[in-house]
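Asker: Before anything else, here's the structure in question.
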Amino acid sequence: MSKISQGAFKHVESELYAYPDTKREIERVRQETLYPYEDRPDDPTIVKGANSVRQPGDPTGQTATLLATNRKLEQLERIVDVIDSVIDRLPKEKVRLLQLWYWSQPRRLTWDGIALELNVGRMTAIRWRNAIVQQIAIKMGWR
């Protein structure tokens, strides 16, 4: 495996910290795309008028096109898909490491505490984290 840059490492880490929020954001963007005016009748940012009326034709096709062409949604889904694909292949103790280091709020354990929780040495836990981050970076194409 080739080594990644420090910038790529930090970028992947920021995506891992944001992973639960990114999954929620994907669902929010999908809902807004599928139902742009529903559940927000009093939203002052929505200007209703002649252009807000759905056009006749193929509403399913129009919705599919909107979802497929939403760049923000596409990028968020790509990040989550790559992280999920790496996580799916990890043994449970390495997934637990990710949960303890990135997704426990507030984080209460140091690397020593995480190592103790996982019954491994501190440097082993850090090496696991580094290898996971590197796998994600390489799959994302971030070197």
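In the structure tokens, each chain is lettered A, B, ... as it comes, each chain's residues begin at 1, and ligands are numbered from 1 in order of appearance.
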Applying 12 Å and only C-alpha atoms, which residues near Gln6 of chain A remain after dropping the ones on its own chain fewer than 2 positions away? List them as a PyMOL selection string.
Answerer: chain A and resi 3-4+8-13+130+133-134+137+142-143
Asker: Between A:Trp128, A:Leu73, A:Ser2, A:Pro91, which has the minimum distance to Arg30 of chain A (counting only C-alpha atoms)?
Answerer: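 Once distances to Arg30 of chain A are computed over only C-alpha atoms, the minimum belongs to A:Leu73.
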Asker: Nearest to Lys94 of chain A: which of A:Arg127, A:Gly7, A:Ser14, A:Glu32 is it, counting only C-alpha atoms?
Answerer: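 When distances to Lys94 of chain A are compared using only C-alpha atoms, the smallest one comes from A:Arg127.
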Asker: Just give me the gap between atom CA of Met140 of chain A and atom CA of Ser104 of chain A in Å, one decimal is fine.
Answerer: 24.3 Å
Asker: Using only C-alpha atoms, which residues sit within 12 Å of Ser85 of chain A once same-chain residues fewer than 5 positions away are excluded, as a ChimeraX atom specification?
Answerer: /A:77-80,90,132,135-136,139-140
Asker: Can those selected residues be exported to a file as a short mmCIF file (atom, residue, chain, number, x, y, z; two decimals), in the first residue's frame so that it contains N, CA and C atoms?
Answerer:
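Result file follows (selection_33.cif):
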data_model
loop_
_atom_site.label_atom_id
_atom_site.label_comp_id
_atom_site.auth_asym_id
_atom_site.auth_seq_id
_atom_site.Cartn_x
_atom_site.Cartn_y
_atom_site.Cartn_z
N GLU A 77 -22.88 10.67 -0.85
CA GLU A 77 -23.09 9.22 -0.98
C GLU A 77 -21.78 8.50 -1.30
N ARG A 78 -20.95 9.11 -2.10
CA ARG A 78 -19.67 8.48 -2.45
C ARG A 78 -18.80 8.32 -1.20
N ILE A 79 -18.74 9.35 -0.38
CA ILE A 79 -17.95 9.30 0.85
C ILE A 79 -18.48 8.20 1.77
N VAL A 80 -19.78 8.18 1.98
CA VAL A 80 -20.38 7.18 2.86
C VAL A 80 -20.20 5.77 2.29
N LEU A 90 -13.96 -4.88 7.98
CA LEU A 90 -13.14 -4.83 9.20
C LEU A 90 -13.63 -5.83 10.24
N ILE A 132 -6.71 1.97 8.55
CA ILE A 132 -8.10 2.21 8.13
C ILE A 132 -8.21 3.52 7.36
N GLN A 135 -6.69 3.11 3.94
CA GLN A 135 -7.58 2.36 3.03
C GLN A 135 -8.66 3.26 2.46
N ILE A 136 -9.27 4.06 3.31
CA ILE A 136 -10.34 4.96 2.87
C ILE A 136 -9.79 5.99 1.90
N LYS A 139 -9.13 4.39 -1.49
CA LYS A 139 -10.39 4.11 -2.21
C LYS A 139 -11.05 5.38 -2.73
N MET A 140 -10.87 6.48 -2.01
CA MET A 140 -11.44 7.76 -2.43
C MET A 140 -10.60 8.40 -3.53
#
Asker: For Val29 of chain A, list every protein, DNA or RNA residue within 9 Å, evaluated using only C-alpha atoms, and leave out those in the same chain fewer than 3 positions away; present the list as an MDAnalysis selection string.
Answerer: chainID A and resid 24:26 32:34 70 72:73
Asker: Restricting the calculation to only C-alpha atoms, which member of A:Gly113, A:Pro106, A:Gly141, A:Gly121 is positioned closest to Ser5 of chain A?
Answerer: A:Gly141
